[in-house]
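A.B. asks: Structure file entry_25.txt (compact mmCIF, C-alpha atoms) is given on the next line.
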# COMPACT_ATOMS: atom_id res chain seq x y z
CA MET A 1 20.09 32.35 -0.84
CA HIS A 2 17.91 29.46 0.33
CA GLN A 3 14.88 30.31 -1.79
CA PHE A 4 14.63 26.74 -3.12
CA ILE A 5 14.43 25.01 0.24
CA PHE A 6 12.44 27.36 2.47
CA SER A 7 8.71 27.93 2.67
CA HIS A 8 7.17 31.37 2.20
CA PRO A 9 8.01 33.78 5.04
CA GLU A 10 5.67 33.97 8.00
CA VAL A 11 5.48 36.68 10.64
CA LYS A 12 5.29 35.60 14.27
CA GLN A 13 4.53 38.03 17.10
CA VAL A 14 6.13 37.20 20.44
CA THR A 15 5.02 39.02 23.60
CA GLN A 16 6.58 36.79 26.26
CA PRO A 17 9.27 34.11 26.58
CA VAL A 18 8.37 31.10 24.45
CA LEU A 19 9.66 27.59 24.00
CA MET A 20 9.91 26.73 20.32
CA THR A 21 9.59 23.04 19.48
CA ILE A 22 10.86 21.95 16.07
CA LYS A 23 9.57 18.53 14.99
CA LEU A 24 9.33 16.48 11.83
CA SER A 25 6.00 16.27 10.04
CA ASN A 26 4.29 12.91 10.46
CA ASP A 27 4.15 12.04 6.76
CA VAL A 28 7.73 12.87 5.82
CA ASP A 29 10.13 10.22 4.55
CA ASP A 30 13.42 9.87 6.45
CA LEU A 31 15.26 9.79 3.12
CA LEU A 32 14.16 13.36 2.40
CA VAL A 33 15.32 14.54 5.83
CA LEU A 34 18.62 12.76 5.35
CA ALA A 35 19.15 14.58 2.07
CA CYS A 36 18.25 18.00 3.51
CA LEU A 37 20.12 17.99 6.82
CA THR A 38 23.06 19.88 5.34
CA ASN A 39 20.76 22.88 4.87
CA PRO A 40 19.36 25.06 7.68
CA LEU A 41 16.08 23.87 9.16
CA PHE A 42 14.80 27.41 9.58
CA GLU A 43 15.82 31.03 9.30
CA ILE A 44 14.56 33.79 11.60
CA ILE A 45 14.94 37.54 10.98
CA ILE A 46 14.14 40.09 13.69
CA SER A 47 11.77 42.57 12.04
CA GLN A 48 10.69 44.43 15.18
CA VAL A 49 11.69 44.55 18.84
CA GLU A 50 10.27 46.82 21.55
CA GLY A 51 10.97 45.85 25.12
CA VAL A 52 9.73 42.29 25.65
CA ASP A 53 7.73 42.31 22.40
CA CYS A 54 9.21 41.31 19.08
CA ALA A 55 8.18 40.29 15.57
CA LEU A 56 9.96 37.50 13.74
CA ILE A 57 10.06 36.69 10.03
CA ILE A 58 10.39 32.93 9.80
CA ARG A 59 11.20 30.70 6.84
CA GLN A 60 11.47 26.97 7.36
CA GLN A 61 11.94 23.74 5.48
CA SER A 62 8.68 22.11 4.41
CA PHE A 63 9.14 18.90 6.38
CA ILE A 64 9.28 20.48 9.84
CA ASN A 65 6.64 22.00 12.11
CA ILE A 66 7.33 24.72 14.67
CA GLU A 67 5.19 24.99 17.79
CA TYR A 68 5.29 27.88 20.26
CA HIS A 69 4.54 27.42 23.95
CA PRO A 70 4.65 30.22 26.57
CA THR A 71 7.17 29.56 29.32
CA HIS A 72 8.32 31.15 32.56
CA HIS A 73 11.73 29.55 32.31
CA ILE A 74 14.57 32.02 31.83
CA ALA A 75 17.95 30.76 30.68
CA LYS A 76 21.01 31.98 32.53
CA GLN A 77 23.00 32.09 29.32
CA TYR A 78 21.89 32.32 25.70
CA ASP A 79 23.55 30.92 22.59
CA VAL A 80 22.76 33.83 20.26
CA THR A 81 21.71 37.45 20.82
CA ARG A 82 20.06 39.29 17.93
CA LEU A 83 19.16 42.93 17.28
CA LEU A 84 16.69 44.50 14.85
CA GLY A 85 17.38 43.34 11.29
CA GLN A 86 19.66 40.51 12.33
CA GLY A 87 18.88 36.82 11.98
CA VAL A 88 19.77 33.28 12.91
CA ARG A 89 19.64 29.82 11.32
CA LEU A 90 19.29 26.38 12.88
CA TYR A 91 21.66 23.68 11.60
CA SER A 92 22.47 20.14 12.57
CA ARG A 93 25.93 20.03 14.08
CA MET A 94 28.74 18.84 11.89
CA ALA A 95 30.28 15.44 12.70
CA VAL A 96 27.00 14.27 14.27
CA SER A 97 25.35 11.19 12.79
CA PRO A 98 22.38 12.17 10.57
CA ARG A 99 20.44 9.23 11.99
CA LEU A 100 20.76 10.69 15.50
CA CYS A 101 19.68 14.11 14.22
CA ILE A 102 16.59 12.62 12.59
CA GLU A 103 15.68 10.75 15.77
CA LYS A 104 16.06 13.97 17.75
CA LEU A 105 13.85 15.86 15.30
CA LYS A 106 11.17 13.21 15.71
CA GLN A 107 11.28 13.79 19.47
CA GLY A 108 11.46 17.57 19.07
CA VAL A 109 14.23 20.16 19.30
CA GLN A 110 13.45 22.90 21.82
CA ILE A 111 14.69 26.48 21.61
CA LEU A 112 14.11 29.09 24.29
CA LEU A 113 13.33 32.55 22.91
CA GLN A 114 13.06 35.77 24.91
CA ALA A 115 13.01 39.47 24.02
CA ASP A 116 14.31 42.33 26.14
CA GLU A 117 15.38 45.16 23.80
CA SER A 118 17.32 42.37 22.07
CA VAL A 119 16.14 38.87 21.14
CA TYR A 120 17.83 35.91 22.81
CA PHE A 121 17.92 32.33 21.53
CA SER A 122 19.14 29.20 23.27
CA VAL A 123 18.94 25.53 22.23
CA CYS A 124 17.73 23.53 25.23
CA LYS A 125 19.79 20.50 26.29
CA ASP A 126 20.86 19.51 22.83
CA ASP A 127 24.23 18.72 21.33
CA LYS A 128 22.99 17.75 17.87
CA PHE A 129 21.78 21.15 16.60
CA GLU A 130 23.19 24.65 16.78
CA LEU A 131 22.08 28.21 16.09
CA ILE A 132 24.31 30.24 13.78
CA PRO A 133 24.00 34.02 13.23
CA LEU A 134 23.42 34.91 9.59
CA GLU A 135 26.61 36.95 9.28
CA GLN A 136 28.65 34.01 10.60
CA ASP A 137 26.99 31.37 8.42
CA LEU A 138 29.73 29.84 6.30
CA ARG A 139 27.54 26.97 5.13
CA LEU A 140 25.72 29.11 2.56
CA LEU A 141 24.44 27.01 -0.29
CA CYS A 142 22.29 27.85 -3.29
CA GLU A 143 21.19 24.49 -4.61
CA PRO A 144 20.86 23.86 -8.35
CA GLN A 145 17.39 23.08 -9.60
CA VAL A 146 18.26 19.46 -10.40
CA LEU A 147 19.18 18.90 -6.75
CA VAL A 148 15.94 20.47 -5.54
CA VAL A 149 13.89 18.25 -7.87
CA ALA A 150 15.86 15.17 -6.83
CA LYS A 151 15.13 15.85 -3.16
CA SER A 152 11.44 16.33 -3.87
CA ILE A 153 11.31 12.99 -5.72
CA LEU A 154 13.24 11.36 -2.91
CA GLY A 155 10.76 12.72 -0.38
CA LEU A 156 7.70 11.20 -2.08
CA LYS A 157 6.50 8.34 0.08
CA PRO A 158 4.63 5.68 -1.95
CA LYS A 159 1.63 4.11 -0.27
CA HIS A 160 1.69 0.40 0.42
CA ASP A 161 -1.54 -0.16 -1.51
CA GLU A 162 -0.46 1.61 -4.70
CA THR A 163 -1.12 -0.12 -7.99
CA SER A 164 1.60 -1.44 -10.25
CA ALA A 165 0.86 1.38 -12.72
CA SER A 166 1.37 4.01 -10.02
CA LEU A 167 4.62 2.37 -8.92
CA ALA A 168 5.79 2.36 -12.53
CA VAL A 169 5.24 6.13 -12.65
CA HIS A 170 7.30 6.56 -9.47
CA ILE A 171 10.10 4.49 -10.98
CA SER A 172 10.02 6.50 -14.22
CA GLU A 173 10.21 9.81 -12.34
CA LEU A 174 13.09 8.53 -10.27
CA GLU A 175 15.04 7.29 -13.27
CA GLN A 176 14.44 10.59 -15.06
CA VAL A 177 15.85 12.65 -12.21
CA ARG A 178 18.86 10.33 -11.99
CA ARG A 179 19.51 10.95 -15.68
CA ASP A 180 19.18 14.69 -15.05
CA ILE A 181 21.77 14.48 -12.27
CA CYS A 182 24.14 12.57 -14.55
CA ASP A 183 23.66 15.10 -17.38
CA TYR A 184 24.13 18.04 -15.00
CA MET A 185 27.36 16.67 -13.54
CA ARG A 186 28.67 15.87 -17.02
CA GLY A 187 27.71 19.26 -18.43
CA GLU A 188 29.01 21.24 -15.46
CA SER A 189 32.17 19.19 -15.01
CA GLY A 190 34.87 21.32 -13.42
CA LYS A 191 32.43 24.11 -12.56
CA ILE A 192 30.43 22.50 -9.74
CA HIS A 193 31.28 23.40 -6.17
CA PRO A 194 32.74 20.33 -4.39
CA GLY A 195 29.96 20.50 -1.80
CA ILE A 196 27.28 20.41 -4.50
CA SER A 197 29.04 17.55 -6.27
CA THR A 198 29.19 15.53 -3.05
CA GLU A 199 25.53 16.27 -2.36
CA LEU A 200 24.51 15.13 -5.85
CA LEU A 201 26.43 11.88 -5.51
CA LYS A 202 24.84 11.23 -2.12
CA ILE A 203 21.35 11.94 -3.47
CA ASP A 204 21.97 9.70 -6.47
CA HIS A 205 22.95 6.85 -4.15
CA LEU A 206 19.78 7.33 -2.09
CA LEU A 207 17.71 7.44 -5.27
CA GLN A 208 19.29 4.18 -6.38
CA ASN A 209 18.32 2.56 -3.07
CA LYS A 210 14.77 3.82 -3.42
CA ARG A 211 14.64 2.58 -7.02
CA GLN A 212 15.55 -0.93 -5.89
CA TRP A 213 12.81 -0.84 -3.27
CA LEU A 214 10.26 0.42 -5.81
CA LEU A 215 11.24 -2.24 -8.34
CA ARG A 216 10.83 -4.95 -5.72
CA SER A 217 7.42 -3.55 -4.76
CA TYR A 218 6.46 -3.32 -8.44
CA HIS A 219 7.29 -6.97 -9.11
CA GLN A 220 5.45 -8.03 -5.97
CA SER A 221 2.37 -6.07 -7.05
CA ILE A 222 2.37 -7.90 -10.40
CA GLU A 223 2.96 -11.35 -8.96
CA ARG A 224 0.72 -10.79 -5.96
CA PRO A 225 -2.13 -8.37 -6.79
CA ASN A 226 -3.88 -8.94 -3.47
CA LEU A 227 -1.58 -8.37 -0.51
CA SER A 228 -3.99 -10.18 1.81
CA LYS A 229 -3.14 -13.45 0.07
CA ALA A 230 0.14 -15.31 -0.03
CA SER A 231 2.06 -15.13 -3.29
CA ASN A 232 2.05 -18.96 -3.53
CA GLU A 233 -1.61 -19.34 -2.58
CA VAL A 234 -2.70 -20.29 -6.11
CA SER A 235 -0.10 -23.04 -6.38
CA LEU A 236 -1.09 -24.31 -2.95
CA ASP A 237 -4.74 -24.53 -4.05
CA ILE A 238 -3.74 -26.52 -7.14
CA GLU A 239 -1.71 -28.91 -5.02
CA LYS A 240 -4.67 -29.47 -2.70
CA LEU A 241 -6.97 -30.15 -5.63
CA GLN A 242 -4.48 -32.63 -7.07
CA GLN A 243 -4.28 -34.42 -3.74
CA LYS A 244 -8.08 -34.67 -3.61
CA LEU A 245 -8.19 -36.08 -7.14
CA ASP A 246 -5.58 -38.66 -6.23
CA CYS A 247 -7.66 -39.69 -3.21
CA TYR A 248 -10.83 -39.96 -5.33
CA SER A 249 -9.03 -42.09 -7.91
CA LEU A 250 -7.82 -44.46 -5.20
CA LEU A 251 -11.20 -44.78 -3.48
CA ALA A 252 -13.48 -44.79 -6.52
CA PRO A 253 -14.37 -48.05 -8.33
CA ILE A 254 -12.26 -48.86 -11.38
CA ASP A 255 -15.16 -48.49 -13.81
CA VAL A 256 -15.95 -44.99 -12.45
CA THR A 257 -12.32 -43.96 -12.78
CA GLU A 258 -12.22 -45.21 -16.38
CA LEU A 259 -15.45 -43.35 -17.14
CA VAL A 260 -14.03 -40.10 -15.72
CA ASN A 261 -10.84 -40.51 -17.75
CA GLN A 262 -12.88 -41.14 -20.90
CA LEU A 263 -15.01 -38.04 -20.32
CA SER A 264 -11.88 -35.99 -19.69
CA ASP A 265 -10.36 -37.20 -22.95
CA ASP A 266 -13.55 -36.30 -24.79
CA PHE A 267 -13.44 -32.73 -23.42
CA ASN A 268 -9.82 -32.35 -24.50
Starting from the file, give its structure as structure tokens.
C.D. replies:
Amino acid sequence: MHQFIFSHPEVKQVTQPVLMTIKLSNDVDDLLVLACLTNPLFEIIISQVEGVDCALIIRQQSFINIEYHPTHHIAKQYDVTRLLGQGVRLYSRMAVSPRLCIEKLKQGVQILLQADESVYFSVCKDDKFELIPLEQDLRLLCEPQVLVVAKSILGLKPKHDETSASLAVHISELEQVRRDICDYMRGESGKIHPGISTELLKIDHLLQNKRQWLLRSYHQSIERPNLSKASNEVSLDIEKLQQKLDCYSLLAPIDVTELVNQLSDDFN
């Protein structure tokens, strides 16, 4: 169902209680995370469980990293209990500010995992994310391709030293995907799920904001090719030269000034 947003499945062997830490990748743009928070951050399926040993099949969104640390801490109560073949997904809680969720992901969301004939999950000291069993997941969403592409374009983070030509390519890609969104919504009018329609409108608004930023950067790169220099540095240099010429004309003898003016006229 989430084939467009998850990475390829990975198998993780767990032989003791572990503390899972879910964090954002360092190079990810907050705009991409903002657009993807309505989807699950990861999905775990229990493929094997024998005593305290278990095997997990994990699929996750591309912008997060999952670290596993052995722990001796045992929770008194767990949020979700899973058996062989069952699974769980991690979502941001509804009615929680996306900005707060992103900040929490940057710090790291911790989940305690333990196996004992069953597999137990518990989110540690967090009220911004929740674990939902697969069979109880009512947020199922199969995103259209245009939405997936839009999120990938939104997630591209231009470098500050990119050339004007490179920025122009970014702007062209962004405008193309906005046209695709418009065409999709027009062509599928009346057929799109309200949730998808809302998501597309939100993404289009974020793309518009990014377009404005890219256009501003593009114009700055044209007017100011070298970021180490002020944009008005050339005009300042001309003003200084003019001031020097005025000083020379005041201090120089009249005949020298006339000679300079005559030579200047000859060159012109």
A.B. asks: Env of segment 188-203 of chain A: 8 Å cut, atoms = all atoms listed in the file, seq-sep filter 6 positions within chain, self excluded. Answer as a PDB file with C-alpha atoms, keeping the file's coordinate frame.
C.D. replies:
ATOM      1  CA  ALA A  35      19.150  14.580   2.070  1.00  0.00           C
ATOM      2  CA  GLU A 143      21.190  24.490  -4.610  1.00  0.00           C
ATOM      3  CA  LEU A 147      19.180  18.900  -6.750  1.00  0.00           C
ATOM      4  CA  ALA A 150      15.860  15.170  -6.830  1.00  0.00           C
ATOM      5  CA  LYS A 151      15.130  15.850  -3.160  1.00  0.00           C
ATOM      6  CA  ILE A 181      21.770  14.480 -12.270  1.00  0.00           C
TER       7      ILE A 181
END
A.B. asks: Residues near Gln61 of chain A, anyone? I mean within 12 Å using only C-alpha atoms, not counting same-chain ones fewer than 3 positions away, as JSON, numbers by chain.
C.D. replies: {"A": [2, 3, 4, 5, 6, 7, 8, 9, 22, 23, 24, 25, 28, 32, 33, 36, 37, 38, 39, 40, 41, 42, 43, 58, 64, 65, 66, 89, 90, 91, 152]}
A.B. asks: Name all residues at most 12 Å from segment 157-169 of chain A (count only C-alpha atoms; drop same-chain ones fewer than 2 positions away) and give them as a PyMOL selection string.
C.D. replies: chain A and resi 26-32+151-155+171-176+210-228
A.B. asks: Point out the residue among A:Gln48, A:Gln114, A:Gln242, A:Gln86 with the least atom-to-atom distance to Glu135 of chain A, counting all atoms listed in the file.
C.D. replies: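 So, comparing all the options, the nearest one is A:Gln86.
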A.B. asks: Given the choices A:Ser264, A:Val256, A:Ala115, A:Leu131, which gets closest to Gly51 of chain A if the distance is worked out from only C-alpha atoms?
C.D. replies: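 Looking at the shortest contact to Gly51 of chain A, the residue is A:Ala115.
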A.B. asks: Could you tell me which of A:Glu103, A:Gly85, A:Ile111, A:Pro133 comes closest to His73 of chain A if we count only C-alpha atoms?
C.D. replies: A:Ile111
A.B. asks: As an exercise, work out the distance from atom CA of Lys104 of chain A to atom CA of Phe121 of chain A in Å and give it to one decimal place.
C.D. replies: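 Between these atoms lies a distance of 18.8 Å.
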A.B. asks: Can you work out which one of A:Pro98, A:Gly108, A:Pro70, A:Pro144 has the shortest atom-to-atom distance to Gln16 of chain A, counting all atoms listed in the file?
C.D. replies: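 Using all atoms listed in the file, the shortest distance to Gln16 of chain A belongs to A:Pro70.
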A.B. asks: By how many Å are atom CA of Leu34 of chain A and atom CA of Asp180 of chain A apart?
C.D. replies: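 Atom-to-atom, atom CA of Leu34 of chain A and atom CA of Asp180 of chain A are spaced 20.5 Å apart.
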A.B. asks: In terms of the shortest atom-to-atom distance over only C-alpha atoms, which of A:Cys54, A:Leu100, A:Val80, A:Leu250 is closest to Leu134 of chain A?
C.D. replies: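 Smallest separation from Leu134 of chain A among the options: A:Val80.
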A.B. asks: Atom CA of Ala75 of chain A and atom CA of Leu113 of chain A, how far apart in Å?
C.D. replies: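 These two atoms are separated by 9.2 Å.
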A.B. asks: Might you pull out every residue within 12 Å of Asp53 of chain A, with only C-alpha atoms counted and same-chain residues fewer than 6 positions away left off, and present them as a PyMOL selection string?
C.D. replies: chain A and resi 12-18+46-47+84+113-120
A.B. asks: Compare A:Ile238, A:Leu259, A:Glu130, A:Val49 by their minimum atom-to-atom distance to Ser92 of chain A, counting all atoms listed in the file, and give me the closest one.
C.D. replies: A:Glu130
A.B. asks: Counting all atoms listed in the file, I want the residues whose atoms come within 10 Å of (11.9, 19.9, 21.7) in the file frame, returned as an MDAnalysis selection string.
C.D. replies: chainID A and resid 19:23 66:67 104:112 123:126
